[in-house]
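Dumped work11.tsv below, it's TSV, C-alpha atoms and all ligand atoms:
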```
chain	number	residue	atom	x	y	z
N	260	MET	CA	2.87	17.53	-16.23
N	261	ALA	CA	5.04	15.46	-18.54
N	262	GLN	CA	4.57	11.72	-18.92
N	263	GLU	CA	6.52	10.68	-15.82
N	264	GLN	CA	4.05	7.80	-15.45
N	265	PHE	CA	5.85	6.04	-18.34
N	266	MET	CA	9.09	5.81	-16.39
N	267	GLU	CA	9.87	3.68	-13.39
N	268	ILE	CA	10.17	6.05	-10.44
N	269	ILE	CA	10.62	5.93	-6.68
N	270	GLU	CA	8.50	8.30	-4.62
N	271	VAL	CA	9.53	9.42	-1.16
N	272	ASN	CA	7.31	11.19	1.35
N	273	ASN	CA	8.43	11.64	4.94
N	274	ASP	CA	7.70	14.18	7.70
N	275	ARG	CA	10.18	16.69	6.28
N	276	ALA	CA	10.22	16.40	2.52
N	277	SER	CA	9.08	14.69	-0.65
N	278	ALA	CA	11.12	13.48	-3.61
N	279	LYS	CA	10.83	11.59	-6.88
N	280	ILE	CA	13.68	9.63	-8.42
N	281	ALA	CA	13.69	7.99	-11.85
N	282	LEU	CA	15.54	4.68	-12.18
N	283	GLN	CA	16.79	5.96	-15.50
N	284	GLY	CA	19.89	7.91	-14.56
N	285	ALA	CA	19.23	7.61	-10.78
N	286	HIS	CA	17.78	11.00	-11.57
N	287	ILE	CA	16.14	12.93	-8.75
N	288	PHE	CA	13.68	15.22	-10.52
N	289	HIS	CA	11.63	16.48	-7.59
N	290	TYR	CA	12.66	17.52	-4.09
N	291	ALA	CA	10.60	19.81	-1.86
N	292	ARG	CA	10.73	20.43	1.86
N	293	ASP	CA	7.40	20.24	3.58
N	294	GLY	CA	5.37	23.41	2.98
N	295	GLU	CA	7.92	24.92	0.57
N	296	ARG	CA	8.01	25.24	-3.19
N	297	PRO	CA	10.34	22.68	-4.86
N	298	LEU	CA	14.07	23.35	-4.59
N	299	LEU	CA	14.77	21.62	-7.89
N	300	TRP	CA	13.51	22.92	-11.21
N	301	LEU	CA	11.84	20.53	-13.66
N	302	SER	CA	10.98	21.51	-17.21
N	303	GLU	CA	7.28	21.11	-17.84
N	304	THR	CA	8.11	20.03	-21.39
N	305	SER	CA	10.62	17.35	-20.34
N	306	ASP	CA	10.07	14.13	-22.29
N	307	PHE	CA	10.35	11.38	-19.67
N	308	GLU	CA	11.30	9.08	-22.51
N	309	ASP	CA	13.67	6.11	-22.31
N	310	GLY	CA	17.12	7.06	-23.53
N	311	LYS	CA	16.57	10.83	-23.16
N	312	ALA	CA	17.79	12.72	-20.11
N	313	ILE	CA	15.09	14.39	-18.04
N	314	ARG	CA	15.44	18.18	-18.30
N	315	GLY	CA	15.72	19.42	-14.73
N	316	GLY	CA	16.30	17.93	-11.27
N	317	VAL	CA	19.80	16.51	-10.91
N	318	PRO	CA	21.11	14.63	-13.96
N	319	ILE	CA	24.28	12.65	-13.24
N	320	CYS	CA	27.05	13.51	-15.68
N	321	TRP	CA	29.37	10.48	-15.68
N	322	PRO	CA	32.00	9.19	-16.61
N	323	SER	CA	32.64	12.36	-18.53
N	324	PHE	CA	31.48	15.91	-17.96
N	325	GLY	CA	30.52	17.97	-21.05
N	326	MET	CA	32.49	16.82	-24.08
N	327	ASN	CA	35.57	16.05	-21.99
N	328	ASN	CA	35.77	12.63	-23.64
N	329	PRO	CA	34.76	13.17	-27.28
N	330	ARG	CA	34.11	9.43	-27.73
N	331	LEU	CA	31.22	9.60	-25.26
N	332	PRO	CA	27.89	11.41	-25.56
N	333	GLN	CA	27.73	14.90	-23.98
N	334	HIS	CA	27.83	14.47	-20.16
N	335	GLY	CA	28.50	10.71	-20.49
N	336	PHE	CA	26.05	7.82	-20.51
N	337	ALA	CA	24.92	7.45	-16.86
N	338	ARG	CA	22.08	9.95	-17.14
N	339	THR	CA	20.27	7.75	-19.65
N	340	ALA	CA	21.26	4.33	-18.21
N	341	LEU	CA	18.85	2.24	-16.19
N	342	PHE	CA	20.05	1.93	-12.57
N	343	GLU	CA	19.11	-0.89	-10.24
N	344	HIS	CA	17.11	0.06	-7.15
N	345	VAL	CA	19.12	-1.43	-4.26
N	346	SER	CA	17.17	-0.18	-1.24
N	347	THR	CA	14.89	2.42	0.29
N	348	LYS	CA	15.26	2.79	4.05
N	349	GLU	CA	13.36	4.94	6.52
N	350	LEU	CA	15.97	6.30	8.94
N	351	GLY	CA	13.29	7.56	11.32
N	352	ASP	CA	10.12	9.53	10.41
N	353	ASP	CA	11.97	12.41	8.88
N	354	THR	CA	14.77	10.86	6.81
N	355	THR	CA	14.69	8.44	3.89
N	356	GLU	CA	17.72	6.91	2.20
N	357	VAL	CA	17.53	5.58	-1.36
N	358	ILE	CA	20.39	3.66	-2.99
N	359	LEU	CA	20.69	2.92	-6.70
N	360	LYS	CA	23.47	1.22	-8.61
N	361	LEU	CA	24.81	0.92	-12.11
N	362	ARG	CA	27.31	-1.70	-13.28
N	363	ASP	CA	29.19	-1.92	-16.54
N	364	SER	CA	27.24	-3.69	-19.28
N	365	LYS	CA	27.81	-4.87	-22.84
N	366	GLU	CA	26.56	-1.46	-24.03
N	367	SER	CA	28.69	0.58	-21.62
N	368	LEU	CA	31.83	-1.45	-22.43
N	369	LYS	CA	31.36	-0.63	-26.11
N	370	LEU	CA	31.39	3.08	-25.26
N	371	TRP	CA	33.88	3.03	-22.39
N	372	ALA	CA	36.06	-0.06	-21.95
N	373	TYR	CA	36.15	-0.29	-18.14
N	374	LYS	CA	34.41	-2.34	-15.50
N	375	PHE	CA	32.91	-0.21	-12.79
N	376	GLU	CA	30.27	0.19	-10.17
N	377	LEU	CA	28.50	3.53	-9.75
N	378	GLU	CA	26.38	3.99	-6.65
N	379	MET	CA	24.05	6.91	-6.01
N	380	LYS	CA	22.90	7.35	-2.42
N	381	ILE	CA	20.21	9.98	-1.92
N	382	THR	CA	19.21	11.02	1.59
N	383	ILE	CA	15.99	12.98	1.77
N	384	SER	CA	15.14	15.10	4.79
N	385	ASP	CA	15.35	18.86	5.64
N	386	SER	CA	18.43	18.69	3.46
N	387	LEU	CA	19.08	16.70	0.31
N	388	GLU	CA	22.29	14.68	0.30
N	389	MET	CA	23.58	13.06	-2.87
N	390	GLU	CA	26.60	10.77	-2.80
N	391	LEU	CA	27.92	9.45	-6.08
N	392	THR	CA	30.50	6.72	-5.54
N	393	THR	CA	32.61	5.27	-8.32
N	394	THR	CA	34.48	2.00	-7.82
N	395	ASN	CA	37.05	0.80	-10.32
N	396	LEU	CA	36.34	-2.92	-10.87
N	397	ASP	CA	38.74	-3.16	-13.80
N	398	ASP	CA	42.35	-4.34	-13.83
N	399	LYS	CA	43.51	-1.04	-15.35
N	400	SER	CA	43.21	2.50	-14.06
N	401	PHE	CA	40.62	4.92	-15.47
N	402	GLU	CA	39.96	8.64	-15.42
N	403	ILE	CA	36.60	10.29	-14.88
N	404	THR	CA	35.11	13.75	-14.92
N	405	GLN	CA	31.61	14.09	-13.49
N	406	ALA	CA	28.91	16.33	-12.06
N	407	LEU	CA	25.73	16.34	-10.04
N	408	HIS	CA	24.11	18.78	-12.44
N	409	SER	CA	21.56	20.46	-10.13
N	410	TYR	CA	18.89	22.68	-11.67
N	411	PHE	CA	17.67	25.03	-8.92
N	412	ASN	CA	14.16	26.41	-8.97
N	413	ILE	CA	14.24	30.20	-8.60
N	414	SER	CA	11.65	33.01	-8.50
N	415	ASN	CA	13.23	34.82	-11.46
N	416	ILE	CA	16.74	34.94	-12.89
N	417	SER	CA	16.89	38.71	-12.28
N	418	ASN	CA	16.32	38.14	-8.53
N	419	VAL	CA	19.21	35.77	-7.82
N	420	LYS	CA	22.88	35.98	-7.03
N	421	VAL	CA	25.48	33.37	-6.18
N	422	LYS	CA	27.85	33.95	-3.27
N	423	GLY	CA	30.94	31.96	-2.35
N	424	LEU	CA	32.77	31.97	-5.67
N	425	GLU	CA	34.16	35.49	-5.49
N	426	THR	CA	37.94	35.59	-6.16
N	427	LYS	CA	37.85	32.03	-7.60
N	428	PRO	CA	39.53	31.30	-10.92
N	429	TYR	CA	37.20	30.01	-13.62
N	430	LEU	CA	37.23	28.72	-17.16
N	431	ASN	CA	34.70	30.57	-19.28
N	432	ALA	CA	33.36	27.74	-21.45
N	433	LEU	CA	31.87	30.26	-23.91
N	434	ASN	CA	35.27	31.53	-25.10
N	435	SER	CA	37.76	29.17	-23.34
N	436	GLU	CA	39.28	32.09	-21.44
N	437	GLN	CA	40.66	31.72	-17.95
N	438	CYS	CA	39.29	34.49	-15.65
N	439	VAL	CA	38.89	35.37	-11.97
N	440	GLN	CA	35.48	36.04	-10.37
N	441	ASP	CA	34.97	39.59	-9.17
N	442	GLY	CA	32.19	39.78	-6.53
N	443	ASP	CA	28.91	37.84	-6.51
N	444	ILE	CA	27.62	36.20	-9.68
N	445	VAL	CA	24.53	37.87	-11.16
N	446	PHE	CA	22.82	36.74	-14.37
N	447	GLU	CA	22.48	39.24	-17.18
N	448	GLU	CA	23.67	37.10	-20.08
N	449	GLU	CA	24.53	33.47	-20.90
N	450	ILE	CA	26.86	32.03	-18.27
N	451	ASP	CA	28.73	28.74	-18.65
N	452	ARG	CA	31.71	28.59	-16.30
N	453	VAL	CA	33.81	26.02	-14.48
N	454	TYR	CA	34.98	27.49	-11.18
N	455	GLN	CA	38.14	25.96	-9.74
N	456	GLU	CA	39.80	25.61	-6.33
N	457	VAL	CA	36.44	25.67	-4.54
N	458	SER	CA	36.54	24.21	-1.03
N	459	ASN	CA	33.89	26.38	0.65
N	460	GLY	CA	30.09	26.39	0.63
N	461	ILE	CA	28.05	28.29	-1.94
N	462	GLU	CA	24.85	30.29	-1.46
N	463	LEU	CA	22.17	30.83	-4.07
N	464	ILE	CA	20.34	33.89	-2.82
N	465	ASP	CA	16.82	34.40	-4.15
N	466	LYS	CA	14.13	36.93	-3.18
N	467	ASN	CA	12.53	34.86	-0.43
N	468	ARG	CA	14.96	32.06	0.19
N	469	THR	CA	18.62	31.10	0.24
N	470	ILE	CA	19.77	27.68	-0.92
N	471	ASN	CA	23.09	26.41	0.45
N	472	ILE	CA	25.28	23.97	-1.42
N	473	LYS	CA	28.17	22.10	0.16
N	474	ASN	CA	30.42	19.84	-1.88
N	475	GLU	CA	32.87	17.14	-0.85
N	476	GLY	CA	35.28	15.14	-3.02
N	477	SER	CA	35.29	17.96	-5.54
N	478	SER	CA	37.01	21.28	-6.12
N	479	SER	CA	35.13	22.43	-9.22
N	480	VAL	CA	31.70	23.98	-9.58
N	481	VAL	CA	29.91	24.65	-12.84
N	482	VAL	CA	27.55	27.62	-13.03
N	483	TRP	CA	25.25	27.66	-16.04
N	484	ASN	CA	22.28	29.55	-17.38
N	485	PRO	CA	21.57	29.40	-21.14
N	486	TRP	CA	19.93	32.85	-21.34
N	487	ILE	CA	17.70	33.89	-24.26
N	488	GLU	CA	19.30	32.57	-27.47
N	489	LYS	CA	20.63	29.25	-26.16
N	490	ALA	CA	17.35	28.51	-24.36
N	491	LYS	CA	15.62	28.65	-27.77
N	492	ARG	CA	18.01	25.97	-29.05
N	493	MET	CA	17.78	23.69	-25.99
N	494	SER	CA	15.75	20.50	-26.09
N	495	ALA	CA	12.82	19.91	-23.71
N	496	MET	CA	12.69	23.49	-22.47
N	497	ARG	CA	10.35	26.41	-23.18
N	498	ASP	CA	12.04	29.45	-24.77
N	499	ASP	CA	11.62	31.57	-21.66
N	500	ALA	CA	12.40	28.79	-19.15
N	501	TYR	CA	15.91	30.23	-18.59
N	502	LYS	CA	14.25	32.71	-16.19
N	503	GLU	CA	13.17	29.89	-13.86
N	504	PHE	CA	16.42	28.07	-13.06
N	505	VAL	CA	20.12	28.30	-12.38
N	506	CYS	CA	22.42	25.29	-12.54
N	507	ILE	CA	25.09	25.06	-9.86
N	508	GLU	CA	26.81	21.77	-10.51
N	509	SER	CA	28.95	19.93	-7.97
N	510	ALA	CA	31.72	18.64	-10.19
N	511	ASN	CA	35.03	17.04	-10.87
N	512	ALA	CA	35.51	18.85	-14.18
N	513	PHE	CA	38.42	19.66	-16.46
N	514	GLU	CA	41.59	19.85	-14.34
N	515	ASP	CA	39.75	18.48	-11.32
N	516	PHE	CA	39.49	15.01	-12.94
N	517	VAL	CA	39.73	11.83	-10.85
N	518	VAL	CA	42.04	8.89	-11.60
N	519	LEU	CA	41.10	5.58	-10.01
N	520	GLU	CA	43.46	2.61	-9.85
N	521	PRO	CA	41.93	-0.90	-9.75
N	522	THR	CA	39.72	-1.33	-6.61
N	523	GLN	CA	39.95	2.38	-5.77
N	524	ILE	CA	36.83	4.33	-4.83
N	525	HIS	CA	35.87	8.00	-5.11
N	526	THR	CA	32.80	9.76	-3.68
N	527	LEU	CA	31.45	13.06	-4.89
N	528	LYS	CA	28.97	14.42	-2.37
N	529	ALA	CA	26.64	17.39	-2.59
N	530	THR	CA	24.44	18.57	0.27
N	531	ILE	CA	21.67	21.05	-0.43
N	532	TYR	CA	19.90	22.78	2.44
J	1	LIG	C1	26.06	22.37	-18.62
J	1	LIG	C2	27.07	22.80	-19.63
J	1	LIG	O1	26.70	21.64	-17.62
J	1	LIG	O2	25.06	21.56	-19.23
J	1	LIG	C3	26.37	23.52	-20.79
J	1	LIG	O3	28.04	23.61	-19.01
J	1	LIG	C4	25.27	22.63	-21.36
J	1	LIG	O4	27.31	23.86	-21.78
J	1	LIG	C5	24.33	22.22	-20.24
J	1	LIG	O5	24.57	23.34	-22.37
J	1	LIG	C6	23.18	21.32	-20.68
J	1	LIG	O6	23.64	20.21	-21.37
J	1	LIG	P1	22.63	19.15	-21.98
J	1	LIG	O7	23.50	18.09	-22.63
J	1	LIG	O8	21.84	18.59	-20.83
J	1	LIG	O9	21.76	19.89	-22.96
```

Just dump the structure as structure tokens.
Amino acid sequence: MAQEQFMEIIEVNNDRASAKIALQGAHIFHYARDGERPLLWLSETSDFEDGKAIRGGVPICWPSFGMNNPRLPQHGFARTALFEHVSTKELGDDTTEVILKLRDSKESLKLWAYKFELEMKITISDSLEMELTTTNLDDKSFEITQALHSYFNISNISNVKVKGLETKPYLNALNSEQCVQDGDIVFEEEIDRVYQEVSNGIELIDKNRTINIKNEGSSSVVVWNPWIEKAKRMSAMRDDAYKEFVCIESANAFEDFVVLEPTQIHTLKATIY
């Protein structure tokens, strides 16, 4: 496995599940329920290098999703920033809660001129709960787009379908066209879409298991698989790794952006079970 020993990480093991979280990016890169194969996909060629996002798990895209703010790096700067470990609490034998925080810094203010606090609360049990809370500590309002960019571990891309997004409008990021989803999503080519007006749960149906995703504080969901050609161009990923994962990202993307006035707070929550 990659050199995860070079990064500071938090390991969780309780009666129901295990997890690993890197302080860089508050990035959960392993989550498995007891006796099951991992729910999150992790690239075996991921670098685990300071300043480079881990490929897999759940990178945090913040304060900008994609290239929404062209002055920021793709998906913002949080995924490569070092978070502070606030606490790890055992809430009984079967549930562990980990809290990490990021504050504005000299470096962040150069990129994005706002004071903020970003808290990631991860609750590990039969389900995985991720709560990303942004607080505006500045004296002016700011706008964010964001995502909990989950890479799900699947048996094979040809075995999976996504339910719950049928009839939803979506932006096709490959050609900027606005479309409407017809039926379940199956993967037979590159898919990079921002679904809108999503208030219901989503199911990722695989051969021998179904993963449920429930989002709060968000009405957009990004569905992404790079397929053959883009996978070859992606960093920290084997050419054929596109067969092993699907990203279903709990987001506030494009028109679903969030504006926070001074002292205001917003929480984006994703529950996976
Ligand atoms: C997805 C985007 O969220 O992230 C894709 O929709 C992008 O367009 C993918 O390729 C991975 O991005 P990155 O920056 O981690 O290589």

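Across the structure, atom CA of Ser479 of chain N and atom CA of Ala312 of chain N are spaced 22.7 Å apart.
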
Test item: residues at most 7 Å from Gln283 of chain N, all atoms listed in the file, excluding those fewer than 3 positions along its chain, as an MDAnalysis selection string: chainID N and resid 286 338:342

Exercise answer, 10 Å around ligand LIG 1 (chain J) with all atoms listed in the file, as a PDB file with C-alpha atoms, in the frame of the given file:
```
ATOM      1  CA  LYS N 311      16.570  10.830 -23.160  1.00  0.00           C
ATOM      2  CA  ALA N 312      17.790  12.720 -20.110  1.00  0.00           C
ATOM      3  CA  ILE N 313      15.090  14.390 -18.040  1.00  0.00           C
ATOM      4  CA  ARG N 314      15.440  18.180 -18.300  1.00  0.00           C
ATOM      5  CA  GLY N 315      15.720  19.420 -14.730  1.00  0.00           C
ATOM      6  CA  PRO N 318      21.110  14.630 -13.960  1.00  0.00           C
ATOM      7  CA  ILE N 319      24.280  12.650 -13.240  1.00  0.00           C
ATOM      8  CA  CYS N 320      27.050  13.510 -15.680  1.00  0.00           C
ATOM      9  CA  PHE N 324      31.480  15.910 -17.960  1.00  0.00           C
ATOM     10  CA  GLY N 325      30.520  17.970 -21.050  1.00  0.00           C
ATOM     11  CA  MET N 326      32.490  16.820 -24.080  1.00  0.00           C
ATOM     12  CA  PRO N 332      27.890  11.410 -25.560  1.00  0.00           C
ATOM     13  CA  GLN N 333      27.730  14.900 -23.980  1.00  0.00           C
ATOM     14  CA  HIS N 334      27.830  14.470 -20.160  1.00  0.00           C
ATOM     15  CA  GLY N 335      28.500  10.710 -20.490  1.00  0.00           C
ATOM     16  CA  ARG N 338      22.080   9.950 -17.140  1.00  0.00           C
ATOM     17  CA  GLN N 405      31.610  14.090 -13.490  1.00  0.00           C
ATOM     18  CA  ALA N 406      28.910  16.330 -12.060  1.00  0.00           C
ATOM     19  CA  LEU N 407      25.730  16.340 -10.040  1.00  0.00           C
ATOM     20  CA  HIS N 408      24.110  18.780 -12.440  1.00  0.00           C
ATOM     21  CA  SER N 409      21.560  20.460 -10.130  1.00  0.00           C
ATOM     22  CA  TYR N 410      18.890  22.680 -11.670  1.00  0.00           C
ATOM     23  CA  ASN N 431      34.700  30.570 -19.280  1.00  0.00           C
ATOM     24  CA  ALA N 432      33.360  27.740 -21.450  1.00  0.00           C
ATOM     25  CA  LEU N 433      31.870  30.260 -23.910  1.00  0.00           C
ATOM     26  CA  ILE N 450      26.860  32.030 -18.270  1.00  0.00           C
ATOM     27  CA  ASP N 451      28.730  28.740 -18.650  1.00  0.00           C
ATOM     28  CA  ARG N 452      31.710  28.590 -16.300  1.00  0.00           C
ATOM     29  CA  VAL N 453      33.810  26.020 -14.480  1.00  0.00           C
ATOM     30  CA  VAL N 480      31.700  23.980  -9.580  1.00  0.00           C
ATOM     31  CA  VAL N 481      29.910  24.650 -12.840  1.00  0.00           C
ATOM     32  CA  VAL N 482      27.550  27.620 -13.030  1.00  0.00           C
ATOM     33  CA  TRP N 483      25.250  27.660 -16.040  1.00  0.00           C
ATOM     34  CA  ASN N 484      22.280  29.550 -17.380  1.00  0.00           C
ATOM     35  CA  PRO N 485      21.570  29.400 -21.140  1.00  0.00           C
ATOM     36  CA  LYS N 489      20.630  29.250 -26.160  1.00  0.00           C
ATOM     37  CA  ALA N 490      17.350  28.510 -24.360  1.00  0.00           C
ATOM     38  CA  ARG N 492      18.010  25.970 -29.050  1.00  0.00           C
ATOM     39  CA  MET N 493      17.780  23.690 -25.990  1.00  0.00           C
ATOM     40  CA  SER N 494      15.750  20.500 -26.090  1.00  0.00           C
ATOM     41  CA  ALA N 495      12.820  19.910 -23.710  1.00  0.00           C
ATOM     42  CA  MET N 496      12.690  23.490 -22.470  1.00  0.00           C
ATOM     43  CA  CYS N 506      22.420  25.290 -12.540  1.00  0.00           C
ATOM     44  CA  ILE N 507      25.090  25.060  -9.860  1.00  0.00           C
ATOM     45  CA  GLU N 508      26.810  21.770 -10.510  1.00  0.00           C
ATOM     46  CA  ALA N 510      31.720  18.640 -10.190  1.00  0.00           C
ATOM     47  CA  ALA N 512      35.510  18.850 -14.180  1.00  0.00           C
TER      48      ALA N 512
END
```

Between atom CA of Gln440 of chain N and atom CA of Val419 of chain N, distance in Å (one decimal): 16.5 Å

For Leu377 of chain N, the nearest of the candidates N:Thr394, N:Ser364, N:Thr355, N:Ser414, counting only C-alpha atoms: N:Thr394

Shell of 12 Å around Phe516 of chain N, all atoms listed in the file, local chain residues under 2 positions omitted, as a VMD selection string: chain N and resid 321 to 324 327 to 328 401 to 406 455 476 to 479 510 to 514 518 to 519 525 527

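Of the residues listed (N:Ile269, N:Ala372, N:Cys438, N:Ile470), N:Ala372 shows the shortest atom-to-atom separation from Leu331 of chain N; distances use only C-alpha atoms.
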
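Relative to atom CA of Asn474 of chain N, atom CA of Tyr290 of chain N is found at 18.0 Å.
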
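The shortest atom-to-atom distance to Asp309 of chain N, with all atoms listed in the file taken into account, belongs to N:Met266 out of N:Ile461, N:Ile358, N:Ile280, N:Met266.
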
Residue with smallest distance to Asp499 of chain N - pool N:Glu356, N:Glu436, N:Ile416, N:Leu299, counting all atoms listed in the file: N:Ile416

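Closest to Asn395 of chain N among N:Arg330, N:Lys374, N:Lys466, N:Lys279 is N:Lys374, based on only C-alpha atoms.
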